[in-house]
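What follows is a set of notes on a single structure, which appears directly below.
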Amino acid sequence: MRTLLFLSLLALAAPATARINAAGQPSSALHGYVLGRAASSGDSLTDAARFFEFANAQDPGKPTLVRRAFELAVASGDAEQAFALAHQLQASGGANPELGVLLLSEAVLKKDWKAADAARATLAGAGYAQVVSPIVDAWVRFGRGENDAALAILDPQQFTGFARSYVTEQRAHMLAAARRWPEAAAAYASLRAGSPAGISFIRVGEADAVAEGGDKVRALALLDGNDPPTVAARTRLQAGKRIGALAPGPRQGIAWMAARLASDLSRERPVPLALLFARTATFLAPDVPAGWLIAGDMLARGGQRSAALAAYEKVADDDALAVSAGIRRAEVLEAMGDTAQAGALLRKATTVPGAGSDAWVRLGDWHRRASAFGPAIEAYSQALALTPEGANNWGLWFLRGSMKEQAGDWPGAEADLRAALQLSPDEPVVLNYLGYSLLDRSLKLPEASALIEKAAALRPADGGIIDSLGWSQFRRGNFAEAVSTLEKAAELEATDATVNDHLGDAYWRTGRRIEANFRWRAALQMEPSDKQRRELLAKLDYGLDAAVAMAN
């Protein structure tokens, strides 16, 4: 019976495009439900929301349809539909704190403070209420003009733990919104001293309060960084313009809280509640770009790449966070297979005023993933040129050295790899790469072995490094020892073609020919390089000795 039901639903969904009518709608409520499920499991939140909305309209009153349509309206960013469905669910007795969050947002947008109070009351049972409720209460009072009462609620001394952190930040925003400049500047300064995360936008808020308080010289001194938000704020101030408050009113203040809560809730993995708060931030304050970035990040991590791109694209080209949005768009586009557009965005990021070494590193990494060694080397060289003198940038030297090695420039590669090793003499990745590169070229074999042995001692559970150690033993003629080491490497990296190839060679040298052939055949199934594939086929056809002779 289950099989028949499944087949009937599959038959309904399979010719989906043919069954959608001329108006672009499904043919029935069930059809809309099936298409909505299919779209929501893929990368089409907008279509999923539309199909469930149609199914709900055709067969109203079904709680499951209404709830799913509501969830998809929120996820796809359709504020109008989300608000309407929230009211529908509330009227049918399905009220809960998540609905309250949406209804609260709608009330704040309408400046309906009475409705906002009513919506806030529905949050009481939620775990996040200890953070959300007092902050919303304060901003609602602020919206009514009760500034002193609002600020009294946001007294950090009345809170503990992470709630105090949220309240402290919101108090600084509200002091600035109330034009109490010295107090706002002091509050932001206190936040900046104790909160390295997000320090850039906190500094901008402090500089705005200081400048509005009449001390533009001090404000400019605060804006001495080169990150895009700081550069944008400094440029505005130098042009005689106001930097602008981070949260000039209730909707922006609550949006900042929602965006931060979304980020905190999704640190380990994206969860529906986090996306609800991220979308709430964008519904309340589409002019706050941080909300769009956080929403886009969660959608991207959840596999909803088209929706993530749409979120990132909401950040204006002239916004201070436009570079960050562009970088995120590039990551998503590359994941979707549009590498050309991704590369164009990463190149653009290197041309903006104040672009630093990070922009060039990202471009170099993009070229590296495409095995474009020359352009990667050029990008990493630009990054090195922009790195402050004396910085421990061993990673950049290593990246450029590895690209030169793969491009065939061994003298240049060795120089860069040794520079990386000098800066970080106990870095296993550098030790192993330099050691293996020397070993592979039969150069300075005692040093190569020593480098690899040190790397293996520092990171004994790294299959790639243990493979290098086993290969070093093999190259020195210690075949039995190599077998033992390479078997351990194969346990750690069971699907690595090189590890299995090396273990096959070691088995051959110790007379275990059947096992050698088994490992070489396994390596063929593990996406070896073209050169490695030819070598493996030769070993299988002629044996190791003949294959080596043929290669030479």
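Residues are named by chain letter and number: chains run A, B, ... in the order of the structure tokens, numbers start at 1 in each chain, and ligands are numbered from 1 in the order shown.
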**Report entry** Residues flagged helix (DSSP H, G or I) by DSSP in segment 173-312 of chain A, as a ChimeraX atom specification
**Finding:** /A:173-177,181-194,199-212,216-222,228-238,250-265,272-284,289-301,305-312
**Report entry** Near-Gly463 of chain A list (12 Å; only C-alpha atoms; drop same-chain fewer than 6 positions) as a list in words
**Finding:**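 So the residues in contact are Val429, Asn432, Ala455, Ala456, Leu469, Gly470, Thr485, Leu486, Glu487, Lys488, Ala489, Ala490, Glu491, Leu492, Glu493, Ala494, Thr495, Asp496, Thr498, Val499 and Asn500 of chain A.
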Written file, previous selection with C-alpha atoms, as an mmCIF file, in the first residue's frame:
```
data_model
loop_
_atom_site.group_PDB
_atom_site.id
_atom_site.type_symbol
_atom_site.label_atom_id
_atom_site.label_comp_id
_atom_site.auth_asym_id
_atom_site.auth_seq_id
_atom_site.Cartn_x
_atom_site.Cartn_y
_atom_site.Cartn_z
ATOM 1 C CA VAL A 429 52.474 21.107 6.670
ATOM 2 C CA ASN A 432 56.147 17.618 5.077
ATOM 3 C CA ALA A 455 56.415 16.429 10.685
ATOM 4 C CA ALA A 456 55.223 12.908 11.536
ATOM 5 C CA LEU A 469 57.216 8.982 6.121
ATOM 6 C CA GLY A 470 56.510 5.553 4.647
ATOM 7 C CA THR A 485 54.070 2.736 8.013
ATOM 8 C CA LEU A 486 52.119 2.847 4.747
ATOM 9 C CA GLU A 487 49.502 0.434 6.105
ATOM 10 C CA LYS A 488 48.931 2.933 8.917
ATOM 11 C CA ALA A 489 48.673 5.728 6.332
ATOM 12 C CA ALA A 490 46.103 3.676 4.391
ATOM 13 C CA GLU A 491 44.024 3.279 7.544
ATOM 14 C CA LEU A 492 44.052 7.066 8.003
ATOM 15 C CA GLU A 493 43.499 7.906 4.313
ATOM 16 C CA ALA A 494 41.675 4.887 2.921
ATOM 17 C CA THR A 495 40.450 6.645 -0.254
ATOM 18 C CA ASP A 496 43.665 8.426 -1.239
ATOM 19 C CA THR A 498 48.720 8.150 -3.731
ATOM 20 C CA VAL A 499 48.676 6.328 -0.384
ATOM 21 C CA ASN A 500 47.307 3.151 -1.981
#
```
Requested in this report: Skip segment 257-265 of chain A itself and residues of its chain fewer than 4 positions away, then list as a PyMOL selection string all residues within 6 Å of it, counting only C-alpha atoms.
Outcome: chain A and resi 274+277-278+281+291
Report task. Work out how far apart atom CA of Gly401 of chain A and atom CA of Phe373 of chain A are and give it in Å to one decimal. Result ->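 Going from atom CA of Gly401 of chain A over to atom CA of Phe373 of chain A, I get 10.5 Å.
Considering only C-alpha atoms, the residue among A:Gly343, A:Gly77, A:Gly244, A:Gly504 positioned nearest to Glu206 of chain A is A:Gly244.
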Query raised in the report: Neighbours of Leu123 of chain A within 8 Å (only C-alpha atoms; same-chain residues fewer than 6 positions away dropped), as an MDAnalysis selection string?
Result: chainID A and resid 96:98 100:101 129 133
Query - All residues 10 Å or closer to Glu453 of chain A, only C-alpha atoms, same chain fewer than 2 positions away omitted, as an NGL selection string - result: :A and (428 or 431-432 or 435 or 447-451 or 455-460 or 465-466 or 468-470 or 472)
Query raised in the report: Nearest to Leu417 of chain A among A:Thr160, A:Lys404, A:Trp397, A:Ser92, with distances taken over only C-alpha atoms: which residue is it?
Result: A:Trp397
**Report entry** Neighbour list for Arg164 of chain A as a ChimeraX atom specification, cut-off 12 Å, only C-alpha atoms, skip fewer than 6 positions in-chain
**Finding:** /A:130-132,134-135,153-158,170-171,191
Report task. In Å, rounded to a single decimal, give me how far atom CA of Tyr380 of chain A is from atom CA of Gly356 of chain A. Result ->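 Spanning atom CA of Gly356 of chain A to atom CA of Tyr380 of chain A is a straight-line distance of 11.7 Å.
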What lies within 12 Å of Gln238 of chain A using only C-alpha atoms, ignoring chain neighbours under 3 positions off, as a PDB file with N, CA and C atoms, in the first residue's frame?
```pdb
ATOM      1  N   ALA A 211      31.858  62.257  17.192  1.00  0.00           N
ATOM      2  CA  ALA A 211      31.769  63.361  16.222  1.00  0.00           C
ATOM      3  C   ALA A 211      30.535  64.216  16.467  1.00  0.00           C
ATOM      4  N   LYS A 216      35.427  66.012  16.322  1.00  0.00           N
ATOM      5  CA  LYS A 216      35.687  65.291  15.072  1.00  0.00           C
ATOM      6  C   LYS A 216      37.128  64.810  14.969  1.00  0.00           C
ATOM      7  N   VAL A 217      38.051  65.532  15.611  1.00  0.00           N
ATOM      8  CA  VAL A 217      39.456  65.108  15.581  1.00  0.00           C
ATOM      9  C   VAL A 217      39.605  63.750  16.273  1.00  0.00           C
ATOM     10  N   ALA A 219      37.213  61.626  16.755  1.00  0.00           N
ATOM     11  CA  ALA A 219      36.456  60.648  15.977  1.00  0.00           C
ATOM     12  C   ALA A 219      37.317  60.094  14.846  1.00  0.00           C
ATOM     13  N   LEU A 220      38.039  60.970  14.151  1.00  0.00           N
ATOM     14  CA  LEU A 220      38.913  60.520  13.067  1.00  0.00           C
ATOM     15  C   LEU A 220      40.030  59.637  13.591  1.00  0.00           C
ATOM     16  N   ALA A 221      40.532  59.955  14.790  1.00  0.00           N
ATOM     17  CA  ALA A 221      41.590  59.136  15.372  1.00  0.00           C
ATOM     18  C   ALA A 221      41.091  57.720  15.653  1.00  0.00           C
ATOM     19  N   LEU A 223      39.017  56.166  13.814  1.00  0.00           N
ATOM     20  CA  LEU A 223      38.810  55.488  12.529  1.00  0.00           C
ATOM     21  C   LEU A 223      40.128  55.309  11.788  1.00  0.00           C
ATOM     22  N   VAL A 231      36.871  52.464   6.791  1.00  0.00           N
ATOM     23  CA  VAL A 231      37.255  53.350   5.682  1.00  0.00           C
ATOM     24  C   VAL A 231      36.060  54.183   5.234  1.00  0.00           C
ATOM     25  N   ALA A 232      34.892  53.554   5.109  1.00  0.00           N
ATOM     26  CA  ALA A 232      33.692  54.276   4.667  1.00  0.00           C
ATOM     27  C   ALA A 232      33.306  55.356   5.665  1.00  0.00           C
ATOM     28  N   ALA A 233      33.373  55.035   6.962  1.00  0.00           N
ATOM     29  CA  ALA A 233      33.031  56.023   7.989  1.00  0.00           C
ATOM     30  C   ALA A 233      34.018  57.184   7.977  1.00  0.00           C
ATOM     31  N   ARG A 234      35.283  56.878   7.835  1.00  0.00           N
ATOM     32  CA  ARG A 234      36.306  57.936   7.796  1.00  0.00           C
ATOM     33  C   ARG A 234      36.109  58.842   6.592  1.00  0.00           C
ATOM     34  N   THR A 235      35.792  58.247   5.455  1.00  0.00           N
ATOM     35  CA  THR A 235      35.576  59.031   4.238  1.00  0.00           C
ATOM     36  C   THR A 235      34.397  59.994   4.401  1.00  0.00           C
ATOM     37  N   LYS A 241      30.331  64.924   6.272  1.00  0.00           N
ATOM     38  CA  LYS A 241      29.027  64.281   6.431  1.00  0.00           C
ATOM     39  C   LYS A 241      28.979  63.521   7.752  1.00  0.00           C
ATOM     40  N   ARG A 242      27.776  63.293   8.240  1.00  0.00           N
ATOM     41  CA  ARG A 242      27.636  62.477   9.434  1.00  0.00           C
ATOM     42  C   ARG A 242      27.863  61.007   9.080  1.00  0.00           C
ATOM     43  N   ILE A 243      28.516  60.289   9.994  1.00  0.00           N
ATOM     44  CA  ILE A 243      28.731  58.858   9.779  1.00  0.00           C
ATOM     45  C   ILE A 243      27.395  58.132   9.779  1.00  0.00           C
TER      46      ILE A 243
END
```
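In this comparison, which uses only C-alpha atoms, the residue of A:Ala239, A:Pro228, A:Tyr433, A:Ala126 approaching Ala349 of chain A most closely is A:Pro228.
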Report task. Go through A:Val483, A:Ala311, A:Leu443, A:Leu384 and flag the residue nearest Asp78 of chain A, using only C-alpha atoms for the distances. Result ->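 Between A:Val483, A:Ala311, A:Leu443, A:Leu384, the residue approaching Asp78 of chain A most closely is A:Ala311.
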Query raised in the report: Using only C-alpha atoms, which of A:Leu246, A:Gly464, A:Arg279, A:Pro528 sits nearest Ala82 of chain A?
Result: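 Of A:Leu246, A:Gly464, A:Arg279, A:Pro528, the one nearest Ala82 of chain A, counting only C-alpha atoms, is A:Arg279.
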